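Enquirer: Okay, so here is final03.tsv, and as you'll see once you scroll down, it has TSV, C-alpha atoms.
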chain	number	residue	atom	x	y	z
G	1	MET	CA	20.89	-0.76	2.26
G	2	SER	CA	20.66	-3.32	5.02
G	3	GLY	CA	19.16	-2.13	8.29
G	4	ASP	CA	16.70	0.22	6.65
G	5	VAL	CA	13.22	0.27	8.14
G	6	TRP	CA	9.91	1.44	6.66
G	7	ARG	CA	8.90	4.44	8.77
G	8	SER	CA	5.55	6.15	8.72
G	9	GLY	CA	4.60	9.79	8.61
G	10	GLY	CA	2.03	12.20	7.30
G	11	CYS	CA	0.28	15.53	7.43
G	12	HIS	CA	-1.37	16.94	10.55
G	13	CYS	CA	-5.03	16.06	10.00
G	14	GLY	CA	-4.29	12.45	9.03
G	15	ALA	CA	-5.60	12.58	5.46
G	16	VAL	CA	-2.14	12.04	3.95
G	17	ARG	CA	-0.01	9.10	5.14
G	18	PHE	CA	3.25	7.79	3.71
G	19	GLU	CA	6.03	5.34	4.47
G	20	VAL	CA	9.71	5.83	3.72
G	21	SER	CA	12.54	3.32	4.10
G	22	LEU	CA	15.36	4.86	6.13
G	23	PRO	CA	18.34	3.79	8.23
G	24	ASP	CA	18.61	4.87	11.89
G	25	ALA	CA	20.91	7.77	10.98
G	26	VAL	CA	20.13	10.14	8.11
G	27	VAL	CA	21.44	13.42	6.74
G	28	ALA	CA	18.76	15.99	5.98
G	29	GLN	CA	18.91	19.38	4.27
G	30	SER	CA	17.50	22.68	5.47
G	31	CYS	CA	17.07	24.91	2.40
G	32	ASN	CA	16.95	28.72	2.34
G	33	CYS	CA	14.90	29.16	-0.86
G	34	SER	CA	11.65	31.12	-0.85
G	35	ILE	CA	9.31	28.13	-0.61
G	36	CYS	CA	11.34	26.00	1.83
G	37	GLU	CA	11.76	28.99	4.12
G	38	ARG	CA	7.99	29.41	4.33
G	39	THR	CA	7.18	25.76	4.96
G	40	GLY	CA	10.06	24.99	7.34
G	41	PHE	CA	10.68	21.90	5.23
G	42	VAL	CA	13.52	19.60	6.38
G	43	HIS	CA	14.49	17.44	3.40
G	44	ILE	CA	15.17	13.73	3.51
G	45	ILE	CA	15.71	12.95	-0.17
G	46	THR	CA	15.03	9.38	-1.12
G	47	PRO	CA	14.81	7.16	-4.23
G	48	GLU	CA	11.39	6.47	-5.75
G	49	SER	CA	11.64	2.83	-4.60
G	50	ARG	CA	12.00	3.82	-0.93
G	51	PHE	CA	8.81	5.86	-0.69
G	52	ARG	CA	5.19	4.82	-0.80
G	53	LEU	CA	2.04	6.88	-0.37
G	54	MET	CA	-0.34	4.90	1.83
G	55	LYS	CA	-3.36	7.20	1.62
G	56	GLY	CA	-4.46	10.68	0.69
G	57	ALA	CA	-3.55	11.09	-3.00
G	58	GLU	CA	-6.95	12.72	-3.52
G	59	ALA	CA	-6.31	15.18	-0.67
G	60	LEU	CA	-3.08	16.55	-2.12
G	61	SER	CA	-2.91	20.01	-3.67
G	62	SER	CA	-0.11	20.82	-6.09
G	63	TYR	CA	1.76	24.11	-6.30
G	64	ARG	CA	4.30	24.91	-9.00
G	65	PHE	CA	6.29	28.06	-9.68
G	66	ASN	CA	9.39	29.27	-11.53
G	67	THR	CA	10.59	26.34	-13.71
G	68	GLY	CA	7.58	24.24	-12.66
G	69	VAL	CA	9.73	21.13	-12.29
G	70	ALA	CA	9.24	20.72	-8.57
G	71	ASP	CA	5.77	19.53	-7.57
G	72	HIS	CA	5.08	21.06	-4.18
G	73	LEU	CA	2.38	18.85	-2.66
G	74	PHE	CA	0.45	19.78	0.45
G	75	CYS	CA	-2.66	18.54	2.21
G	76	SER	CA	-5.70	20.49	1.07
G	77	ILE	CA	-7.25	20.19	4.54
G	78	CYS	CA	-4.42	21.12	6.93
G	79	GLY	CA	-1.89	22.63	4.50
G	80	ILE	CA	0.99	20.44	5.66
G	81	LYS	CA	3.63	19.60	3.07
G	82	SER	CA	4.80	16.19	4.26
G	83	PHE	CA	6.60	15.19	1.03
G	84	TYR	CA	7.02	16.46	-2.51
G	85	ARG	CA	8.77	15.94	-5.84
G	86	PRO	CA	11.91	18.10	-5.71
G	87	ARG	CA	13.44	19.91	-8.66
G	88	SER	CA	16.89	18.64	-7.64
G	89	ASN	CA	15.68	15.01	-7.64
G	90	PRO	CA	12.71	14.62	-9.99
G	91	ASP	CA	13.39	10.86	-10.08
G	92	GLY	CA	12.77	10.58	-6.33
G	93	TRP	CA	11.00	12.22	-3.42
G	94	SER	CA	11.82	14.55	-0.59
G	95	VAL	CA	10.19	13.69	2.73
G	96	ASN	CA	9.75	16.30	5.46
G	97	ALA	CA	11.63	15.14	8.56
G	98	ARG	CA	9.18	17.19	10.63
G	99	CYS	CA	6.38	14.89	9.48
G	100	LEU	CA	7.84	11.52	10.51
G	101	ASP	CA	5.94	9.83	13.34
G	102	ASP	CA	9.13	8.69	15.07
G	103	ALA	CA	11.50	11.54	14.17
G	104	ASP	CA	12.80	11.63	17.72
G	105	ALA	CA	13.93	8.00	17.40
G	106	LEU	CA	16.12	8.82	14.39
G	107	ASP	CA	19.56	10.40	14.38
G	108	ILE	CA	18.90	13.24	11.92
G	109	GLN	CA	21.86	15.41	11.03
G	110	ILE	CA	20.67	18.62	9.39
G	111	GLU	CA	22.98	20.39	6.95
G	112	PRO	CA	22.29	23.72	5.23
G	113	PHE	CA	21.50	23.79	1.51
G	114	ASP	CA	21.88	27.06	-0.40
G	115	GLY	CA	18.70	26.95	-2.46
G	116	ARG	CA	18.90	30.68	-3.15
G	117	ASN	CA	21.80	29.75	-5.45
G	118	TRP	CA	20.15	26.54	-6.59
G	119	GLU	CA	21.92	26.19	-9.96
G	120	ALA	CA	25.34	26.19	-8.31
G	121	HIS	CA	24.48	23.54	-5.74
G	122	ALA	CA	21.70	21.21	-6.94
G	123	ALA	CA	24.09	18.68	-8.51
G	124	SER	CA	25.43	17.85	-5.06
G	125	LEU	CA	22.05	16.29	-4.19
G	126	ALA	CA	21.50	14.22	-7.36
G	127	HIS	CA	22.91	10.97	-5.95
G	128	LEU	CA	20.43	10.94	-3.05
G	129	SER	CA	17.54	9.69	-5.19
G	130	ARG	CA	19.53	6.94	-6.94
G	131	ASP	CA	19.07	3.35	-5.91
G	132	GLU	CA	22.32	1.82	-4.76
G	133	PRO	CA	23.45	-1.24	-6.73
G	134	SER	CA	22.55	-4.37	-4.83
Z	1	MET	CA	6.28	52.11	15.09
Z	2	THR	CA	7.67	49.33	12.94
Z	3	ALA	CA	5.62	47.62	10.23
Z	4	TYR	CA	6.57	44.16	9.06
Z	5	GLU	CA	5.03	43.14	5.75
Z	6	GLY	CA	4.83	39.60	4.47
Z	7	ARG	CA	2.90	37.33	2.17
Z	8	CYS	CA	2.48	33.68	1.42
Z	9	HIS	CA	4.60	32.22	-1.38
Z	10	CYS	CA	2.10	32.81	-4.18
Z	11	GLY	CA	0.94	36.17	-2.84
Z	12	ALA	CA	-2.73	35.32	-2.35
Z	13	VAL	CA	-2.55	36.10	1.38
Z	14	SER	CA	-0.73	39.16	2.68
Z	15	ALA	CA	0.04	40.21	6.24
Z	16	ARG	CA	1.15	43.37	7.99
Z	17	PHE	CA	2.28	43.44	11.64
Z	18	GLU	CA	2.57	46.86	13.27
Z	19	THR	CA	4.24	47.21	16.64
Z	20	GLN	CA	5.98	49.74	18.88
Z	21	ILE	CA	8.16	47.00	20.35
Z	22	ALA	CA	11.85	47.42	19.46
Z	23	PRO	CA	12.87	44.79	16.88
Z	24	GLU	CA	15.34	43.09	19.21
Z	25	ALA	CA	12.71	42.94	21.99
Z	26	ILE	CA	10.05	41.14	19.93
Z	27	ASP	CA	9.37	37.74	21.50
Z	28	VAL	CA	9.66	35.20	18.66
Z	29	ARG	CA	8.05	31.95	19.81
Z	30	ALA	CA	8.14	28.36	18.57
Z	31	ASP	CA	4.94	26.65	19.67
Z	32	GLN	CA	5.64	22.98	20.33
Z	33	CYS	CA	2.18	21.75	19.31
Z	34	SER	CA	1.93	19.04	16.64
Z	35	PHE	CA	0.77	21.50	13.98
Z	36	CYS	CA	3.33	24.27	14.54
Z	37	ARG	CA	6.20	21.77	14.76
Z	38	ARG	CA	5.31	20.34	11.35
Z	39	ASN	CA	5.39	23.88	9.96
Z	40	GLY	CA	8.53	24.96	11.80
Z	41	ALA	CA	6.35	27.91	12.75
Z	42	LYS	CA	7.63	30.99	14.57
Z	43	THR	CA	4.99	33.33	15.90
Z	44	VAL	CA	4.87	36.92	17.10
Z	45	SER	CA	2.20	39.09	18.68
Z	46	ASP	CA	1.73	42.42	20.44
Z	47	PRO	CA	-1.47	43.25	22.33
Z	48	ALA	CA	-0.77	46.95	21.69
Z	49	GLY	CA	-0.06	46.44	17.98
Z	50	THR	CA	-2.10	45.63	14.89
Z	51	LEU	CA	-2.18	42.54	12.69
Z	52	MET	CA	-3.70	42.97	9.24
Z	53	LEU	CA	-4.50	40.00	7.02
Z	54	SER	CA	-5.75	40.43	3.44
Z	55	PHE	CA	-7.09	37.66	1.24
Z	56	ARG	CA	-10.01	36.42	-0.80
Z	57	GLU	CA	-12.05	33.94	1.20
Z	58	ARG	CA	-11.87	31.36	-1.58
Z	59	ASP	CA	-8.06	31.43	-1.41
Z	60	VAL	CA	-7.80	30.31	2.21
Z	61	GLU	CA	-8.46	27.18	4.18
Z	62	ARG	CA	-9.51	27.74	7.78
Z	63	TYR	CA	-8.11	24.67	9.52
Z	64	ARG	CA	-9.23	23.71	13.01
Z	65	PHE	CA	-8.06	20.94	15.30
Z	66	GLY	CA	-7.80	20.00	18.97
Z	67	THR	CA	-10.08	22.32	20.91
Z	68	ARG	CA	-11.17	23.84	17.56
Z	69	SER	CA	-11.03	27.25	19.20
Z	70	SER	CA	-9.05	29.12	16.54
Z	71	ASP	CA	-8.79	29.23	12.75
Z	72	PHE	CA	-5.40	28.42	11.23
Z	73	ILE	CA	-5.24	30.46	8.03
Z	74	ILE	CA	-3.65	28.46	5.22
Z	75	CYS	CA	-3.27	29.53	1.59
Z	76	ARG	CA	-5.15	27.08	-0.61
Z	77	ARG	CA	-2.90	27.77	-3.60
Z	78	CYS	CA	0.60	27.42	-2.09
Z	79	GLY	CA	-0.05	25.83	1.32
Z	80	SER	CA	1.62	28.54	3.45
Z	81	PHE	CA	0.43	28.68	7.09
Z	82	MET	CA	0.04	32.40	7.77
Z	83	ALA	CA	-1.69	33.01	11.08
Z	84	ALA	CA	-3.97	31.69	13.79
Z	85	ILE	CA	-6.99	33.86	14.52
Z	86	ILE	CA	-9.93	34.14	16.90
Z	87	ASP	CA	-12.60	36.82	16.98
Z	88	GLY	CA	-10.69	40.10	16.98
Z	89	TYR	CA	-7.19	38.75	17.65
Z	90	GLY	CA	-4.48	36.89	15.82
Z	91	VAL	CA	-0.93	35.59	15.97
Z	92	LEU	CA	1.31	35.78	12.90
Z	93	ASN	CA	3.58	32.98	11.65
Z	94	VAL	CA	6.59	34.97	10.43
Z	95	VAL	CA	7.96	31.83	8.75
Z	96	GLY	CA	4.91	31.26	6.55
Z	97	ALA	CA	4.65	34.98	5.81
Z	98	GLY	CA	8.29	35.11	4.74
Z	99	ILE	CA	9.28	37.91	7.13
Z	100	GLY	CA	12.99	37.15	7.23
Z	101	ALA	CA	13.91	39.84	9.76
Z	102	LEU	CA	11.92	37.90	12.38
Z	103	ALA	CA	11.91	34.36	10.91
Z	104	GLU	CA	15.70	34.19	11.01
Z	105	ARG	CA	15.75	34.95	14.71
Z	106	PRO	CA	16.06	32.10	17.24
Z	107	ALA	CA	12.66	31.28	18.68
Z	108	ARG	CA	11.68	30.60	22.29
Z	109	PRO	CA	9.95	27.21	22.60
Z	110	VAL	CA	6.50	27.42	24.22
Z	111	ASP	CA	4.07	24.65	25.11
Z	112	TYR	CA	0.43	25.32	25.97
Z	113	ASP	CA	-0.71	21.70	26.17
Z	114	GLY	CA	-1.92	21.86	29.78
Z	115	GLU	CA	-4.32	24.77	29.31
Z	116	THR	CA	-8.02	24.64	30.00
Z	117	PRO	CA	-10.30	26.08	27.30
Z	118	GLU	CA	-10.91	29.10	29.54
Z	119	SER	CA	-7.24	29.80	30.27
Z	120	ARG	CA	-6.41	29.35	26.59
Z	121	ALA	CA	-9.03	31.89	25.53
Z	122	GLU	CA	-7.84	34.31	28.21
Z	123	ARG	CA	-4.18	33.99	27.17
Z	124	ARG	CA	-5.06	34.66	23.56
Z	125	ARG	CA	-7.07	37.75	24.42
Z	126	GLN	CA	-4.23	39.04	26.61
Z	127	ARG	CA	-1.29	38.30	24.35
Z	128	TRP	CA	-2.43	38.12	20.74
Z	129	THR	CA	-2.53	41.09	18.41
Z	130	PRO	CA	-5.72	43.03	17.67
Z	131	LEU	CA	-6.77	41.85	14.23
Z	132	VAL	CA	-7.94	43.69	11.13
Z	133	LEU	CA	-9.23	41.36	8.43
Z	134	GLU	CA	-9.59	42.54	4.85
Z	135	VAL	CA	-11.51	39.70	3.26
Z	136	ALA	CA	-12.80	39.87	-0.29
Z	137	ALA	CA	-15.31	37.43	-1.71
Can the structure in the file be given as structure tokens, please?

Expert:
Amino acid sequence: MSGDVWRSGGCHCGAVRFEVSLPDAVVAQSCNCSICERTGFVHIITPESRFRLMKGAEALSSYRFNTGVADHLFCSICGIKSFYRPRSNPDGWSVNARCLDDADALDIQIEPFDGRNWEAHAASLAHLSRDEPS
Amino acid sequence: MTAYEGRCHCGAVSARFETQIAPEAIDVRADQCSFCRRNGAKTVSDPAGTLMLSFRERDVERYRFGTRSSDFIICRRCGSFMAAIIDGYGVLNVVGAGIGALAERPARPVDYDGETPESRAERRRQRWTPLVLEVAA
């Protein structure tokens, strides 16, 4: 998409840093499932091609539960989950809007996602990790 | 007395907050510091109550930053941020502990950025909850 800009973000201690290509206005999801509730994660789901880990792969801890599809990644030093591989979009990434350096400069519209009834709703997110045809 | 029980996502760290404060009168706070904002943390405390935290030491990371004057208790297995503690006192993150009755409440934003180390220590002793740690090896 034209107008997208690579934006930086990361965990709290600085060990994990990433960049994600986003437009000025994005729609994010706030999920009510057991893990998202505990981490306060605000999801910006993005295709694989629009995310790059700049540093900190060795600092990431992985947590899996239930189906084990989602790879919940958090910094082993400060605990912050700045991005992860979501079960709804295993071909892409979900970036935590709370962990963007310039979140205040973005127009982020947050919509609720009913992750407690994941099976009934996950398909509505599938398109978010697909690359648009150029 | 009301007891609120919570745990991190994987269950390695559990928490119990006992208070005489009426549920609707509990002051749920959203600290605006860089760490709490990333966690979407909401904290509660009661100087007349009790906060109990139970875990095995090897299951937690004690993260420090800034003035390095408190330990942020994080589960090493699932990443949940549970509480901030100093000697004898603590403040519970009801979001990380999964205590929905309090986590679903709107939180009052608070910002302690201008504090001196002395005033910060004094505020914590005055407002945080007396802490009981049950730590196994």

Enquirer: Return the neighbours of chain Z among the residues of chain G, cut-off 9 Å, counting all atoms listed in the file, as a PDB file with C-alpha atoms, keeping the file's coordinate frame.

Expert:
ATOM      1  CA  CYS G  11       0.280  15.530   7.430  1.00  0.00           C
ATOM      2  CA  HIS G  12      -1.370  16.940  10.550  1.00  0.00           C
ATOM      3  CA  CYS G  13      -5.030  16.060  10.000  1.00  0.00           C
ATOM      4  CA  SER G  34      11.650  31.120  -0.850  1.00  0.00           C
ATOM      5  CA  ILE G  35       9.310  28.130  -0.610  1.00  0.00           C
ATOM      6  CA  GLU G  37      11.760  28.990   4.120  1.00  0.00           C
ATOM      7  CA  ARG G  38       7.990  29.410   4.330  1.00  0.00           C
ATOM      8  CA  THR G  39       7.180  25.760   4.960  1.00  0.00           C
ATOM      9  CA  GLY G  40      10.060  24.990   7.340  1.00  0.00           C
ATOM     10  CA  PHE G  41      10.680  21.900   5.230  1.00  0.00           C
ATOM     11  CA  SER G  61      -2.910  20.010  -3.670  1.00  0.00           C
ATOM     12  CA  SER G  62      -0.110  20.820  -6.090  1.00  0.00           C
ATOM     13  CA  TYR G  63       1.760  24.110  -6.300  1.00  0.00           C
ATOM     14  CA  ARG G  64       4.300  24.910  -9.000  1.00  0.00           C
ATOM     15  CA  PHE G  65       6.290  28.060  -9.680  1.00  0.00           C
ATOM     16  CA  HIS G  72       5.080  21.060  -4.180  1.00  0.00           C
ATOM     17  CA  LEU G  73       2.380  18.850  -2.660  1.00  0.00           C
ATOM     18  CA  PHE G  74       0.450  19.780   0.450  1.00  0.00           C
ATOM     19  CA  CYS G  75      -2.660  18.540   2.210  1.00  0.00           C
ATOM     20  CA  SER G  76      -5.700  20.490   1.070  1.00  0.00           C
ATOM     21  CA  ILE G  77      -7.250  20.190   4.540  1.00  0.00           C
ATOM     22  CA  CYS G  78      -4.420  21.120   6.930  1.00  0.00           C
ATOM     23  CA  GLY G  79      -1.890  22.630   4.500  1.00  0.00           C
ATOM     24  CA  ILE G  80       0.990  20.440   5.660  1.00  0.00           C
ATOM     25  CA  LYS G  81       3.630  19.600   3.070  1.00  0.00           C
ATOM     26  CA  SER G  82       4.800  16.190   4.260  1.00  0.00           C
ATOM     27  CA  ASN G  96       9.750  16.300   5.460  1.00  0.00           C
ATOM     28  CA  ALA G  97      11.630  15.140   8.560  1.00  0.00           C
ATOM     29  CA  ARG G  98       9.180  17.190  10.630  1.00  0.00           C
ATOM     30  CA  CYS G  99       6.380  14.890   9.480  1.00  0.00           C
TER      31      CYS G  99
END

Enquirer: Quick one: pull the distance between CA of Leu133 in chain Z and CA of Leu53 in chain Z, Å, one decimal.

Expert: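 About the pair CA of Leu133 in chain Z and CA of Leu53 in chain Z: they are 5.1 Å apart.
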
Enquirer: Would you work out the distance separating CA of Phe83 in chain G from CA of His43 in chain G, expressed in Å to one decimal?

Expert: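 One can read the CA of Phe83 in chain G to CA of His43 in chain G distance as 8.5 Å.
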
Enquirer: Report, in Å with one decimal, the straight-line distance from CA of Ala15 in chain Z to CA of Arg68 in chain Z.

Expert: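 Answer for the CA of Ala15 in chain Z to CA of Arg68 in chain Z separation: 22.8 Å.
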
Enquirer: May I have the residues within 8 Å of Arg105 in chain Z as a ChimeraX atom specification, using only C-alpha atoms and disregarding those fewer than 3 positions away in the same chain?

Expert: /Z:28,101-102

Enquirer: Pick out the closest residue to Thr67 in chain G from this set: G:Trp93, G:Tyr84, G:Trp118, G:Phe51. Count all atoms listed in the file.

Expert: G:Trp118

Enquirer: Skip range 18-30 of chain G itself and residues of its chain fewer than 5 positions away, then list as a PyMOL selection string all residues within 7 Å of it, counting all atoms listed in the file.

Expert: chain G and resi 3-10+41-44+50-55+106-113

Enquirer: Excluding Gln20 in chain Z and its own-chain neighbours fewer than 5 positions away, which residues fall within 8 Å of it when counting all atoms listed in the file? Please give them as a list in words.

Expert: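 The neighbour list is Met1, Thr2, Ala48 and Gly49 of chain Z.
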
Enquirer: As a short mmCIF file (atom, residue, chain, number, x, y, z; two decimals), in the frame of the given file, could you write out range 76-109 of chain Z once it has been completed with N, CA and C atoms?

Expert:
data_model
loop_
_atom_site.label_atom_id
_atom_site.label_comp_id
_atom_site.auth_asym_id
_atom_site.auth_seq_id
_atom_site.Cartn_x
_atom_site.Cartn_y
_atom_site.Cartn_z
N ARG Z 76 -4.73 28.25 0.15
CA ARG Z 76 -5.15 27.08 -0.61
C ARG Z 76 -4.30 26.85 -1.85
N ARG Z 77 -3.66 27.92 -2.36
CA ARG Z 77 -2.90 27.77 -3.60
C ARG Z 77 -1.48 27.27 -3.35
N CYS Z 78 -0.81 27.80 -2.30
CA CYS Z 78 0.60 27.42 -2.09
C CYS Z 78 0.83 26.70 -0.77
N GLY Z 79 -0.17 26.62 0.10
CA GLY Z 79 -0.05 25.83 1.32
C GLY Z 79 0.57 26.56 2.51
N SER Z 80 0.96 27.83 2.35
CA SER Z 80 1.62 28.54 3.45
C SER Z 80 0.66 28.71 4.64
N PHE Z 81 1.17 28.43 5.85
CA PHE Z 81 0.43 28.68 7.09
C PHE Z 81 0.78 30.09 7.54
N MET Z 82 -0.22 30.98 7.56
CA MET Z 82 0.04 32.40 7.77
C MET Z 82 -0.21 32.87 9.20
N ALA Z 83 -1.30 32.43 9.79
CA ALA Z 83 -1.69 33.01 11.08
C ALA Z 83 -2.74 32.13 11.74
N ALA Z 84 -2.84 32.26 13.06
CA ALA Z 84 -3.97 31.69 13.79
C ALA Z 84 -4.81 32.85 14.28
N ILE Z 85 -6.13 32.74 14.14
CA ILE Z 85 -6.99 33.86 14.52
C ILE Z 85 -8.20 33.39 15.32
N ILE Z 86 -8.65 34.29 16.21
CA ILE Z 86 -9.93 34.14 16.90
C ILE Z 86 -10.69 35.44 16.64
N ASP Z 87 -11.85 35.58 17.19
CA ASP Z 87 -12.60 36.82 16.98
C ASP Z 87 -11.80 38.01 17.49
N GLY Z 88 -11.33 38.85 16.57
CA GLY Z 88 -10.69 40.10 16.98
C GLY Z 88 -9.21 40.06 17.25
N TYR Z 89 -8.62 38.87 17.32
CA TYR Z 89 -7.19 38.75 17.65
C TYR Z 89 -6.53 37.70 16.78
N GLY Z 90 -5.21 37.88 16.61
CA GLY Z 90 -4.48 36.89 15.82
C GLY Z 90 -3.02 36.82 16.21
N VAL Z 91 -2.36 35.75 15.76
CA VAL Z 91 -0.93 35.59 15.97
C VAL Z 91 -0.34 35.22 14.61
N LEU Z 92 0.75 35.91 14.25
CA LEU Z 92 1.31 35.78 12.90
C LEU Z 92 2.45 34.77 12.89
N ASN Z 93 2.45 33.88 11.88
CA ASN Z 93 3.58 32.98 11.65
C ASN Z 93 4.56 33.69 10.70
N VAL Z 94 5.65 34.20 11.25
CA VAL Z 94 6.59 34.97 10.43
C VAL Z 94 7.36 34.08 9.45
N VAL Z 95 7.36 32.76 9.70
CA VAL Z 95 7.96 31.83 8.75
C VAL Z 95 7.09 31.73 7.50
N GLY Z 96 5.82 31.41 7.69
CA GLY Z 96 4.91 31.26 6.55
C GLY Z 96 4.72 32.55 5.78
N ALA Z 97 4.83 33.68 6.47
CA ALA Z 97 4.65 34.98 5.81
C ALA Z 97 5.95 35.49 5.19
N GLY Z 98 7.03 34.74 5.38
CA GLY Z 98 8.29 35.11 4.74
C GLY Z 98 8.89 36.41 5.25
N ILE Z 99 8.72 36.69 6.54
CA ILE Z 99 9.28 37.91 7.13
C ILE Z 99 10.65 37.56 7.73
N GLY Z 100 11.66 37.64 6.87
CA GLY Z 100 12.99 37.15 7.23
C GLY Z 100 13.57 37.81 8.47
N ALA Z 101 13.32 39.11 8.64
CA ALA Z 101 13.91 39.84 9.76
C ALA Z 101 13.54 39.19 11.09
N LEU Z 102 12.36 38.58 11.15
CA LEU Z 102 11.92 37.90 12.38
C LEU Z 102 12.07 36.39 12.27
N ALA Z 103 11.86 35.83 11.08
CA ALA Z 103 11.91 34.36 10.91
C ALA Z 103 13.32 33.83 11.11
N GLU Z 104 14.32 34.66 10.86
CA GLU Z 104 15.70 34.19 11.01
C GLU Z 104 16.20 34.28 12.44
N ARG Z 105 15.37 34.85 13.31
CA ARG Z 105 15.75 34.95 14.71
C ARG Z 105 15.53 33.62 15.42
N PRO Z 106 16.37 33.29 16.44
CA PRO Z 106 16.06 32.10 17.24
C PRO Z 106 14.72 32.28 17.94
N ALA Z 107 13.99 31.19 18.08
CA ALA Z 107 12.66 31.28 18.68
C ALA Z 107 12.65 30.61 20.05
N ARG Z 108 11.82 31.15 20.93
CA ARG Z 108 11.68 30.60 22.29
C ARG Z 108 10.60 29.52 22.27
N PRO Z 109 10.97 28.26 22.62
CA PRO Z 109 9.95 27.21 22.60
C PRO Z 109 8.87 27.46 23.66
#
